[in-house]
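Below is the file data.pdb, which contains PDB, C-alpha atoms and all ligand atoms.
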```
ATOM      1  CA  MET A   1      89.731 136.180 101.269
ATOM      2  CA  LYS A   2      91.398 132.814 100.937
ATOM      3  CA  HIS A   3      89.512 129.782 102.273
ATOM      4  CA  LEU A   4      90.074 126.057 101.913
ATOM      5  CA  LEU A   5      86.508 124.800 101.556
ATOM      6  CA  LYS A   6      87.371 122.033  99.081
ATOM      7  CA  LEU A   7      90.477 121.224  97.063
ATOM      8  CA  SER A   8      88.769 121.895  93.725
ATOM      9  CA  ASP A   9      88.602 125.590  94.714
ATOM     10  CA  TRP A  10      92.405 125.774  94.634
ATOM     11  CA  SER A  11      94.361 125.961  91.389
ATOM     12  CA  ALA A  12      97.299 123.669  90.655
ATOM     13  CA  GLU A  13      99.562 126.662  91.372
ATOM     14  CA  GLU A  14      97.973 127.224  94.794
ATOM     15  CA  ILE A  15      98.351 123.525  95.637
ATOM     16  CA  ASN A  16     102.008 123.580  94.613
ATOM     17  CA  GLU A  17     102.629 126.774  96.569
ATOM     18  CA  CYS A  18     101.147 125.064  99.624
ATOM     19  CA  LEU A  19     103.296 121.944  99.168
ATOM     20  CA  ASN A  20     106.452 124.035  98.773
ATOM     21  CA  LEU A  21     105.664 126.064 101.882
ATOM     22  CA  ALA A  22     104.911 122.854 103.821
ATOM     23  CA  ASP A  23     108.354 121.489 102.844
ATOM     24  CA  GLN A  24     109.990 124.720 103.971
ATOM     25  CA  LEU A  25     108.131 124.781 107.300
ATOM     26  CA  LYS A  26     109.061 121.151 107.901
ATOM     27  CA  TYR A  27     112.715 121.899 107.229
ATOM     28  CA  GLU A  28     112.637 124.941 109.525
ATOM     29  CA  LYS A  29     110.918 123.064 112.326
ATOM     30  CA  LYS A  30     113.495 120.241 112.186
ATOM     31  CA  ALA A  31     116.313 122.812 112.117
ATOM     32  CA  GLY A  32     114.885 124.625 115.145
ATOM     33  CA  ILE A  33     114.209 127.797 113.148
ATOM     34  CA  GLU A  34     111.304 129.745 114.638
ATOM     35  CA  HIS A  35     108.589 130.818 112.198
ATOM     36  CA  HIS A  36     106.032 132.976 114.007
ATOM     37  CA  LEU A  37     104.165 133.845 110.834
ATOM     38  CA  LEU A  38     100.780 134.060 112.590
ATOM     39  CA  LYS A  39     101.909 135.858 115.738
ATOM     40  CA  GLY A  40      98.960 136.966 117.842
ATOM     41  CA  LYS A  41      96.343 135.240 115.658
ATOM     42  CA  THR A  42      93.686 132.883 116.965
ATOM     43  CA  LEU A  43      92.141 129.914 115.176
ATOM     44  CA  GLY A  44      88.808 128.431 116.284
ATOM     45  CA  MET A  45      88.529 124.691 115.680
ATOM     46  CA  ILE A  46      84.923 123.459 115.522
ATOM     47  CA  PHE A  47      84.549 119.683 115.768
ATOM     48  CA  GLU A  48      81.250 117.888 115.163
ATOM     49  CA  LYS A  49      83.136 114.582 114.719
ATOM     50  CA  ALA A  50      86.047 112.937 116.526
ATOM     51  CA  SER A  51      89.660 113.642 115.580
ATOM     52  CA  THR A  52      93.215 112.892 116.625
ATOM     53  CA  ARG A  53      95.438 114.069 113.773
ATOM     54  CA  THR A  54      93.443 117.053 112.577
ATOM     55  CA  ARG A  55      92.921 118.476 116.032
ATOM     56  CA  VAL A  56      96.497 118.026 117.203
ATOM     57  CA  SER A  57      98.129 119.164 113.947
ATOM     58  CA  PHE A  58      96.120 122.386 113.811
ATOM     59  CA  GLU A  59      96.583 123.110 117.509
ATOM     60  CA  VAL A  60     100.341 122.460 117.521
ATOM     61  CA  GLY A  61     100.551 124.185 114.146
ATOM     62  CA  MET A  62      99.074 127.423 115.483
ATOM     63  CA  TYR A  63     101.430 127.273 118.454
ATOM     64  CA  ASP A  64     104.448 126.773 116.150
ATOM     65  CA  LEU A  65     103.302 129.766 114.103
ATOM     66  CA  GLY A  66     103.152 132.007 117.166
ATOM     67  CA  GLY A  67      99.371 132.032 117.453
ATOM     68  CA  SER A  68      96.833 130.097 119.477
ATOM     69  CA  ALA A  69      93.977 127.682 118.834
ATOM     70  CA  LEU A  70      90.640 127.129 120.570
ATOM     71  CA  PHE A  71      89.065 123.670 120.552
ATOM     72  CA  LEU A  72      85.304 124.111 120.139
ATOM     73  CA  SER A  73      83.267 120.944 120.410
ATOM     74  CA  SER A  74      79.826 121.238 118.841
ATOM     75  CA  ARG A  75      78.490 119.414 121.894
ATOM     76  CA  ASP A  76      79.317 122.481 123.961
ATOM     77  CA  LEU A  77      78.653 125.203 121.398
ATOM     78  CA  GLN A  78      75.177 126.647 120.839
ATOM     79  CA  ILE A  79      75.469 125.338 117.269
ATOM     80  CA  GLY A  80      74.893 121.906 118.829
ATOM     81  CA  ARG A  81      71.597 123.226 120.222
ATOM     82  CA  GLY A  82      70.427 124.608 116.913
ATOM     83  CA  GLU A  83      71.933 128.105 116.689
ATOM     84  CA  PRO A  84      72.138 128.694 112.932
ATOM     85  CA  VAL A  85      75.557 128.404 111.312
ATOM     86  CA  GLN A  86      74.922 131.793 109.685
ATOM     87  CA  ASP A  87      74.814 133.451 113.121
ATOM     88  CA  THR A  88      77.690 131.401 114.502
ATOM     89  CA  ALA A  89      79.798 132.523 111.537
ATOM     90  CA  ARG A  90      79.103 136.195 112.161
ATOM     91  CA  VAL A  91      79.742 135.955 115.895
ATOM     92  CA  LEU A  92      82.962 133.974 115.634
ATOM     93  CA  SER A  93      84.231 136.337 112.921
ATOM     94  CA  ARG A  94      84.244 139.087 115.584
ATOM     95  CA  PHE A  95      86.504 137.068 117.897
ATOM     96  CA  LEU A  96      88.760 134.940 115.746
ATOM     97  CA  ASP A  97      91.168 135.247 112.817
ATOM     98  CA  GLY A  98      90.223 131.937 111.217
ATOM     99  CA  ILE A  99      88.056 128.837 111.653
ATOM    100  CA  MET A 100      88.824 125.206 110.966
ATOM    101  CA  ILE A 101      85.675 123.071 110.978
ATOM    102  CA  ARG A 102      85.066 119.316 110.867
ATOM    103  CA  THR A 103      81.437 118.498 110.247
ATOM    104  CA  PHE A 104      78.977 116.397 108.241
ATOM    105  CA  ALA A 105      77.481 118.577 105.504
ATOM    106  CA  GLN A 106      79.719 120.436 103.061
ATOM    107  CA  SER A 107      76.986 123.096 102.922
ATOM    108  CA  GLU A 108      77.716 124.004 106.540
ATOM    109  CA  VAL A 109      81.347 124.809 105.685
ATOM    110  CA  GLU A 110      80.237 126.831 102.671
ATOM    111  CA  ALA A 111      77.701 128.718 104.826
ATOM    112  CA  LEU A 112      80.379 129.619 107.379
ATOM    113  CA  ALA A 113      82.434 131.146 104.573
ATOM    114  CA  GLU A 114      79.436 132.933 103.095
ATOM    115  CA  TYR A 115      78.253 134.528 106.325
ATOM    116  CA  GLY A 116      81.571 134.923 108.150
ATOM    117  CA  SER A 117      84.303 137.407 107.355
ATOM    118  CA  ILE A 118      87.385 135.318 108.231
ATOM    119  CA  PRO A 119      89.145 132.420 106.446
ATOM    120  CA  ILE A 120      87.424 129.027 106.755
ATOM    121  CA  ILE A 121      89.351 125.757 106.503
ATOM    122  CA  ASN A 122      87.612 122.436 105.920
ATOM    123  CA  GLY A 123      88.923 119.850 108.398
ATOM    124  CA  LEU A 124      86.756 117.069 106.859
ATOM    125  CA  THR A 125      83.156 116.812 105.746
ATOM    126  CA  ASP A 126      81.205 113.874 104.341
ATOM    127  CA  TYR A 127      82.143 115.253 100.914
ATOM    128  CA  CYS A 128      85.865 115.879 101.186
ATOM    129  CA  HIS A 129      89.059 116.056 103.233
ATOM    130  CA  PRO A 130      91.331 118.580 101.501
ATOM    131  CA  CYS A 131      93.811 119.059 104.385
ATOM    132  CA  GLN A 132      94.571 115.338 104.486
ATOM    133  CA  VAL A 133      95.227 115.220 100.754
ATOM    134  CA  LEU A 134      97.681 118.134 100.898
ATOM    135  CA  ALA A 135      99.652 116.120 103.481
ATOM    136  CA  ASP A 136      99.341 113.031 101.254
ATOM    137  CA  LEU A 137     100.699 114.838  98.187
ATOM    138  CA  MET A 138     103.541 116.234 100.289
ATOM    139  CA  THR A 139     104.410 112.704 101.448
ATOM    140  CA  ILE A 140     104.305 111.225  97.953
ATOM    141  CA  ARG A 141     106.577 113.995  96.676
ATOM    142  CA  GLU A 142     108.991 113.405  99.555
ATOM    143  CA  HIS A 143     109.221 109.672  98.893
ATOM    144  CA  LYS A 144     108.942 109.631  95.100
ATOM    145  CA  GLY A 145     110.652 112.924  94.217
ATOM    146  CA  SER A 146     107.748 114.212  92.106
ATOM    147  CA  LEU A 147     104.032 113.785  91.471
ATOM    148  CA  LYS A 148     103.620 114.295  87.717
ATOM    149  CA  GLY A 149     103.090 111.033  85.875
ATOM    150  CA  LYS A 150     103.000 108.868  89.001
ATOM    151  CA  LYS A 151     100.014 106.546  89.345
ATOM    152  CA  LEU A 152      97.872 106.839  92.478
ATOM    153  CA  CYS A 153      95.418 104.006  93.093
ATOM    154  CA  TYR A 154      92.660 104.245  95.706
ATOM    155  CA  ILE A 155      90.940 101.084  96.880
ATOM    156  CA  GLY A 156      87.738 101.037  98.945
ATOM    157  CA  ASP A 157      84.803 103.284  99.700
ATOM    158  CA  GLY A 158      84.286 106.194  97.308
ATOM    159  CA  ASN A 159      84.130 108.648 100.184
ATOM    160  CA  ASN A 160      85.435 112.052 101.305
ATOM    161  CA  MET A 161      89.045 110.833 100.958
ATOM    162  CA  THR A 162      88.478 109.524  97.446
ATOM    163  CA  ASN A 163      86.869 112.765  96.305
ATOM    164  CA  SER A 164      89.791 114.868  97.505
ATOM    165  CA  LEU A 165      92.425 112.402  96.272
ATOM    166  CA  ILE A 166      90.943 112.509  92.769
ATOM    167  CA  VAL A 167      91.107 116.308  92.718
ATOM    168  CA  GLY A 168      94.580 116.533  94.276
ATOM    169  CA  GLY A 169      95.997 113.773  92.102
ATOM    170  CA  ILE A 170      94.630 115.079  88.818
ATOM    171  CA  LYS A 171      95.534 118.718  89.579
ATOM    172  CA  THR A 172      99.157 117.758  90.261
ATOM    173  CA  GLY A 173      99.439 115.689  87.067
ATOM    174  CA  MET A 174      99.184 112.236  88.614
ATOM    175  CA  GLU A 175      97.329 109.365  87.000
ATOM    176  CA  VAL A 176      94.467 108.333  89.307
ATOM    177  CA  SER A 177      92.625 105.023  89.398
ATOM    178  CA  VAL A 178      89.931 104.002  91.857
ATOM    179  CA  ALA A 179      88.490 100.599  92.735
ATOM    180  CA  CYS A 180      85.149 100.850  94.512
ATOM    181  CA  PRO A 181      82.169  98.504  94.705
ATOM    182  CA  LYS A 182      79.045  99.342  92.716
ATOM    183  CA  GLY A 183      76.956 101.910  94.569
ATOM    184  CA  TYR A 184      79.923 103.178  96.591
ATOM    185  CA  THR A 185      81.704 105.197  93.933
ATOM    186  CA  PRO A 186      83.109 108.737  94.360
ATOM    187  CA  ASP A 187      81.148 111.875  93.509
ATOM    188  CA  ALA A 188      79.882 111.569  89.910
ATOM    189  CA  GLU A 189      80.594 115.187  88.977
ATOM    190  CA  LEU A 190      84.162 114.910  90.238
ATOM    191  CA  MET A 191      84.748 111.728  88.228
ATOM    192  CA  LYS A 192      83.447 113.479  85.109
ATOM    193  CA  TRP A 193      85.782 116.396  85.793
ATOM    194  CA  ALA A 194      88.688 113.962  86.286
ATOM    195  CA  ASP A 195      87.881 112.194  82.998
ATOM    196  CA  GLU A 196      87.972 115.525  81.186
ATOM    197  CA  ASN A 197      91.046 116.952  82.902
ATOM    198  CA  GLY A 198      93.534 114.139  83.315
ATOM    199  CA  LYS A 199      94.251 110.445  83.315
ATOM    200  CA  PHE A 200      91.523 108.863  85.414
ATOM    201  CA  SER A 201      90.026 105.382  85.500
ATOM    202  CA  ARG A 202      87.429 103.671  87.665
ATOM    203  CA  HIS A 203      87.160  99.959  88.305
ATOM    204  CA  GLU A 204      85.302  97.429  90.365
ATOM    205  CA  ASP A 205      88.240  95.048  90.125
ATOM    206  CA  VAL A 206      90.936  95.894  92.659
ATOM    207  CA  LEU A 207      93.840  94.287  90.763
ATOM    208  CA  GLU A 208      92.884  96.055  87.532
ATOM    209  CA  ALA A 209      93.016  99.412  89.319
ATOM    210  CA  ALA A 210      96.260  98.657  91.164
ATOM    211  CA  LYS A 211      98.222  97.503  88.122
ATOM    212  CA  GLY A 212     101.368  99.640  87.762
ATOM    213  CA  ALA A 213     100.506 101.911  90.689
ATOM    214  CA  ASP A 214     103.236 103.938  92.383
ATOM    215  CA  VAL A 215     101.032 104.741  95.363
ATOM    216  CA  LEU A 216      98.322 102.549  96.874
ATOM    217  CA  TYR A 217      95.826 104.279  99.140
ATOM    218  CA  THR A 218      92.927 103.063 101.218
ATOM    219  CA  ASP A 219      90.561 104.251 103.943
ATOM    220  CA  VAL A 220      88.023 102.705 106.307
ATOM    221  CA  TRP A 221      84.987 100.887 104.926
ATOM    222  CA  ALA A 222      82.647 102.792 107.238
ATOM    223  CA  SER A 223      83.350 106.472 107.854
ATOM    224  CA  MET A 224      82.345 108.589 110.813
ATOM    225  CA  GLY A 225      78.570 108.868 110.802
ATOM    226  CA  GLN A 226      78.158 105.459 109.083
ATOM    227  CA  GLU A 227      78.602 103.363 112.222
ATOM    228  CA  SER A 228      75.153 101.787 111.844
ATOM    229  CA  GLU A 229      76.124 100.457 108.385
ATOM    230  CA  ALA A 230      79.444  98.992 109.555
ATOM    231  CA  GLU A 231      78.331  95.326 109.589
ATOM    232  CA  GLU A 232      76.601  95.499 106.209
ATOM    233  CA  ARG A 233      79.619  97.267 104.744
ATOM    234  CA  LYS A 234      81.949  94.470 105.889
ATOM    235  CA  ASN A 235      80.255  92.191 103.351
ATOM    236  CA  ILE A 236      80.040  94.748 100.587
ATOM    237  CA  PHE A 237      83.705  95.763 100.842
ATOM    238  CA  LYS A 238      85.202  92.324 101.344
ATOM    239  CA  GLY A 239      88.167  92.135  98.944
ATOM    240  CA  TYR A 240      88.577  95.912  98.745
ATOM    241  CA  GLN A 241      91.769  95.555 100.704
ATOM    242  CA  ILE A 242      95.457  96.375 100.265
ATOM    243  CA  ASN A 243      97.207  93.028 100.733
ATOM    244  CA  ASP A 244     100.128  91.130  99.212
ATOM    245  CA  SER A 245      98.216  90.298  96.004
ATOM    246  CA  VAL A 246      97.606  93.995  95.410
ATOM    247  CA  ILE A 247     101.225  94.890  96.181
ATOM    248  CA  ALA A 248     102.286  92.213  93.663
ATOM    249  CA  VAL A 249     100.598  93.971  90.713
ATOM    250  CA  ALA A 250     101.698  97.493  91.703
ATOM    251  CA  ASN A 251     105.022  98.957  90.605
ATOM    252  CA  GLU A 252     108.104  97.782  92.427
ATOM    253  CA  GLY A 253     108.687  99.993  95.466
ATOM    254  CA  ALA A 254     105.085 101.241  95.464
ATOM    255  CA  MET A 255     104.159 103.271  98.538
ATOM    256  CA  VAL A 256     101.164 102.499 100.718
ATOM    257  CA  LEU A 257      99.289 105.352 102.350
ATOM    258  CA  HIS A 258      96.350 105.485 104.745
ATOM    259  CA  CYS A 259      94.829 108.640 106.214
ATOM    260  CA  LEU A 260      94.214 106.769 109.495
ATOM    261  CA  PRO A 261      92.626 105.548 111.695
ATOM    262  CA  ALA A 262      93.119 102.090 110.093
ATOM    263  CA  HIS A 263      91.139  98.884 110.569
ATOM    264  CA  ARG A 264      93.633  96.063 110.169
ATOM    265  CA  GLU A 265      92.418  93.034 108.187
ATOM    266  CA  GLU A 266      89.571  95.107 106.760
ATOM    267  CA  GLU A 267      90.819  97.690 104.241
ATOM    268  CA  ILE A 268      94.492  96.770 104.806
ATOM    269  CA  THR A 269      96.250  93.701 106.167
ATOM    270  CA  ALA A 270      98.305  94.095 109.340
ATOM    271  CA  LYS A 271     101.314  92.795 107.392
ATOM    272  CA  VAL A 272     101.147  95.418 104.653
ATOM    273  CA  PHE A 273     100.397  98.107 107.218
ATOM    274  CA  GLU A 274     103.504  97.306 109.236
ATOM    275  CA  GLU A 275     105.702  96.911 106.164
ATOM    276  CA  HIS A 276     104.684 100.419 105.101
ATOM    277  CA  ALA A 277     104.397 101.986 108.559
ATOM    278  CA  ASN A 278     107.261 104.325 107.777
ATOM    279  CA  GLU A 279     105.349 105.891 104.877
ATOM    280  CA  ILE A 280     102.028 105.908 106.718
ATOM    281  CA  PHE A 281     103.428 107.694 109.774
ATOM    282  CA  ASP A 282     105.430 110.151 107.644
ATOM    283  CA  GLU A 283     102.044 110.898 106.110
ATOM    284  CA  ALA A 284     100.529 111.422 109.564
ATOM    285  CA  GLU A 285     103.409 113.688 110.599
ATOM    286  CA  ASN A 286     103.030 115.711 107.431
ATOM    287  CA  ARG A 287      99.544 116.711 108.536
ATOM    288  CA  LEU A 288     101.330 119.144 110.853
ATOM    289  CA  HIS A 289     103.556 120.697 108.202
ATOM    290  CA  ALA A 290     100.865 120.780 105.510
ATOM    291  CA  GLN A 291      98.264 122.239 107.868
ATOM    292  CA  LYS A 292     100.686 124.964 108.926
ATOM    293  CA  ALA A 293     101.137 125.855 105.259
ATOM    294  CA  VAL A 294      97.347 126.039 104.822
ATOM    295  CA  LEU A 295      97.061 128.257 107.925
ATOM    296  CA  VAL A 296      99.744 130.639 106.681
ATOM    297  CA  LEU A 297      98.291 130.851 103.170
ATOM    298  CA  CYS A 298      94.767 131.503 104.461
ATOM    299  CA  MET A 299      95.415 133.593 107.568
ATOM    300  CA  LYS A 300      98.575 135.622 106.992
TER     301      LYS A 300
HETATM  302  N1  LIG B 401      93.203 111.452 109.083
HETATM  303  C1  LIG B 401      92.523 112.232 109.934
HETATM  304  O1  LIG B 401      91.895 113.212 109.585
HETATM  305  O2  LIG B 401      92.631 111.835 111.237
HETATM  306  P1  LIG B 401      91.746 112.348 112.446
HETATM  307  O3  LIG B 401      90.343 111.862 112.210
HETATM  308  O4  LIG B 401      92.377 111.725 113.646
HETATM  309  O5  LIG B 401      91.790 113.848 112.490
HETATM  310  N1  LIG B 402      86.619 108.525 105.615
HETATM  311  C1  LIG B 402      87.022 108.720 106.994
HETATM  312  C2  LIG B 402      88.232 109.579 107.061
HETATM  313  C3  LIG B 402      88.761 109.796 108.448
HETATM  314  C4  LIG B 402      89.952 110.690 108.488
HETATM  315  C5  LIG B 402      85.867 109.328 107.763
HETATM  316  O1  LIG B 402      85.218 110.244 107.251
HETATM  317  O2  LIG B 402      85.603 108.864 108.873
END
```

Could you write out this file's structure as structure tokens?
Amino acid sequence: MKHLLKLSDWSAEEINECLNLADQLKYEKKAGIEHHLLKGKTLGMIFEKASTRTRVSFEVGMYDLGGSALFLSSRDLQIGRGEPVQDTARVLSRFLDGIMIRTFAQSEVEALAEYGSIPIINGLTDYCHPCQVLADLMTIREHKGSLKGKKLCYIGDGNNMTNSLIVGGIKTGMEVSVACPKGYTPDAELMKWADENGKFSRHEDVLEAAKGADVLYTDVWASMGQESEAEERKNIFKGYQINDSVIAVANEGAMVLHCLPAHREEEITAKVFEEHANEIFDEAENRLHAQKAVLVLCMK
């Protein structure tokens, strides 16, 4: 059974297969070519956190593929009242053909896969956001022609996005650098893996990390679930921002990406955001095409 629990579970070949299929599905959608590859199938979408892009891309994606999607808020499910994930997994496996889940603990996603008998797709946990990174890689390839050898620089909190970007970047042959404040670095095991498997560097200095970058990436200073730390984080992350000084040290024509939602004048200036809006909203659109590719690969 094929799941997408975290990007490190997928080989470079599987990632490339997904990116190629996403390109094809995008082309077909724009050309008005129907692709009902999941006709009659139903996806359950469990959300324990808010979402715009993930929810809409998976829901529209299932529709495009000839199937249907159920939005399941944890506030309304028994899981929100303490029904164990192990039981939820076994029940939902009797009704559905696949589950996409957005939650806090990575262990919950892993437990769904262990106890269920249908494909499980991770729609974001505190640990990672694999679906977003597949759309990001697709967008970089579209704009830059290829991934291998390009330098991807992430600036900000070493969070779920950073963890998945490191894996996706290294697996596709990109050079990856990260600039994060002390104490807010990405997962230590993942950084060790990146050191051993590709060109990876970590910095506290933003300009050091951004030097020669082909892609600059950032994300919010306080993620979902960290709302109470937001004020404290504003001080800690001051300077961990994509602005004109950062653009100046990157390669000419460097792209700027943001998974969104964005906080202007925090992790990115409004000016840089608007100057790169074309890339950022291509990236958002590609959630649809990339998520459809994930659905087909896992559920067909
Ligand atoms: N980037 C992303 O996952 O957006 P949503 O939180 O809106 O799904
Ligand atoms: N790091 C952010 C990503 C949102 C798509 C969060 O977890 O809130």

- For the structure shown, which residues end up in the PyMOL selection byres (((chain A and resi 212) around 12) and not hetatm)? Put them as a ChimeraX atom specification, please? /A:149-153,175-177,207-211,213-216,246-255

Mind listing the residues within 7 Å of ligand LIG 401 (chain B), only C-alpha atoms and all ligand atoms counted, as an mmCIF file with C-alpha atoms, in the frame of the given file?
```
data_model
loop_
_atom_site.group_PDB
_atom_site.id
_atom_site.type_symbol
_atom_site.label_atom_id
_atom_site.label_comp_id
_atom_site.auth_asym_id
_atom_site.auth_seq_id
_atom_site.Cartn_x
_atom_site.Cartn_y
_atom_site.Cartn_z
ATOM 1 C CA ALA A 50 86.047 112.937 116.526
ATOM 2 C CA SER A 51 89.660 113.642 115.580
ATOM 3 C CA THR A 52 93.215 112.892 116.625
ATOM 4 C CA ARG A 53 95.438 114.069 113.773
ATOM 5 C CA THR A 54 93.443 117.053 112.577
ATOM 6 C CA ARG A 55 92.921 118.476 116.032
ATOM 7 C CA LEU A 124 86.756 117.069 106.859
ATOM 8 C CA GLN A 132 94.571 115.338 104.486
ATOM 9 C CA CYS A 259 94.829 108.640 106.214
ATOM 10 C CA LEU A 260 94.214 106.769 109.495
ATOM 11 C CA PRO A 261 92.626 105.548 111.695
#
```

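If you apply the PyMOL selection byres (((not hetatm)) within 6 of (chain B and resi 402)) to this structure, you end up with Asn159, Asn160, Met161, Ser223, Met224, Cys259 and Leu260 of chain A.
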
Selected residues, C-alpha atoms, written as a CSV table (one decimal), in the frame of the given file, please.
```csv
chain,number,residue,atom,x,y,z
A,159,ASN,CA,84.1,108.6,100.2
A,160,ASN,CA,85.4,112.1,101.3
A,161,MET,CA,89.0,110.8,101.0
A,223,SER,CA,83.4,106.5,107.9
A,224,MET,CA,82.3,108.6,110.8
A,259,CYS,CA,94.8,108.6,106.2
A,260,LEU,CA,94.2,106.8,109.5
```

Expand the PyMOL selection byres (((chain A and resi 99-108) around 8) and not hetatm) into the individual residues it matches in the shown file, reporting them as a PDB file with C-alpha atoms, in the frame of the given file.
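Saved result, out-v5.pdb, follows:
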```pdb
ATOM      1  CA  LEU A  43      92.141 129.914 115.176  1.00  0.00           C
ATOM      2  CA  GLY A  44      88.808 128.431 116.284  1.00  0.00           C
ATOM      3  CA  MET A  45      88.529 124.691 115.680  1.00  0.00           C
ATOM      4  CA  ILE A  46      84.923 123.459 115.522  1.00  0.00           C
ATOM      5  CA  PHE A  47      84.549 119.683 115.768  1.00  0.00           C
ATOM      6  CA  GLU A  48      81.250 117.888 115.163  1.00  0.00           C
ATOM      7  CA  LYS A  49      83.136 114.582 114.719  1.00  0.00           C
ATOM      8  CA  VAL A  85      75.557 128.404 111.312  1.00  0.00           C
ATOM      9  CA  LEU A  96      88.760 134.940 115.746  1.00  0.00           C
ATOM     10  CA  ASP A  97      91.168 135.247 112.817  1.00  0.00           C
ATOM     11  CA  GLY A  98      90.223 131.937 111.217  1.00  0.00           C
ATOM     12  CA  VAL A 109      81.347 124.809 105.685  1.00  0.00           C
ATOM     13  CA  GLU A 110      80.237 126.831 102.671  1.00  0.00           C
ATOM     14  CA  ALA A 111      77.701 128.718 104.826  1.00  0.00           C
ATOM     15  CA  LEU A 112      80.379 129.619 107.379  1.00  0.00           C
ATOM     16  CA  ILE A 118      87.385 135.318 108.231  1.00  0.00           C
ATOM     17  CA  PRO A 119      89.145 132.420 106.446  1.00  0.00           C
ATOM     18  CA  ILE A 120      87.424 129.027 106.755  1.00  0.00           C
ATOM     19  CA  ILE A 121      89.351 125.757 106.503  1.00  0.00           C
ATOM     20  CA  ASN A 122      87.612 122.436 105.920  1.00  0.00           C
ATOM     21  CA  GLY A 123      88.923 119.850 108.398  1.00  0.00           C
ATOM     22  CA  LEU A 124      86.756 117.069 106.859  1.00  0.00           C
ATOM     23  CA  THR A 125      83.156 116.812 105.746  1.00  0.00           C
ATOM     24  CA  ASP A 126      81.205 113.874 104.341  1.00  0.00           C
ATOM     25  CA  TYR A 127      82.143 115.253 100.914  1.00  0.00           C
ATOM     26  CA  CYS A 128      85.865 115.879 101.186  1.00  0.00           C
ATOM     27  CA  GLY A 225      78.570 108.868 110.802  1.00  0.00           C
TER      28      GLY A 225
END
```

- Query: Which is closest to A:Leu25 among A:Lys41, A:His289, A:Arg264, A:Lys300, if we use all atoms listed in the file?
  - Reply: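 For A:Leu25, the nearest of the given residues is A:His289.
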
- Message: List the spatial neighbours of A:Gly239 as a list in words - criterion: any atom at most 10 Å away, all atoms listed in the file, same-chain residues fewer than 6 positions off excluded.
- Response: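 Residues near the query, excluding close chain neighbours: Ile155, Gly156, Pro181, Asp205, Val206, Glu266, Glu267 and Ile268 of chain A.
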
Would you pick out the contacts of A:Gly40 at 8 Å or less, using all atoms listed in the file, so that residues sharing its chain but fewer than 3 positions from it are not included, and give the list as an mmCIF file with C-alpha atoms, in the frame of the given file?
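In the end it all went to part-v1.cif:
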```
data_model
loop_
_atom_site.group_PDB
_atom_site.id
_atom_site.type_symbol
_atom_site.label_atom_id
_atom_site.label_comp_id
_atom_site.auth_asym_id
_atom_site.auth_seq_id
_atom_site.Cartn_x
_atom_site.Cartn_y
_atom_site.Cartn_z
ATOM 1 C CA GLY A 66 103.152 132.007 117.166
ATOM 2 C CA GLY A 67 99.371 132.032 117.453
ATOM 3 C CA SER A 68 96.833 130.097 119.477
#
```

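Here atom CA of A:Glu232 stands at a distance of 16.6 Å from atom CA of A:Asp219.
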
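When atom CA of A:Ala188 is paired with atom CA of A:Pro130, their separation reads 17.7 Å.
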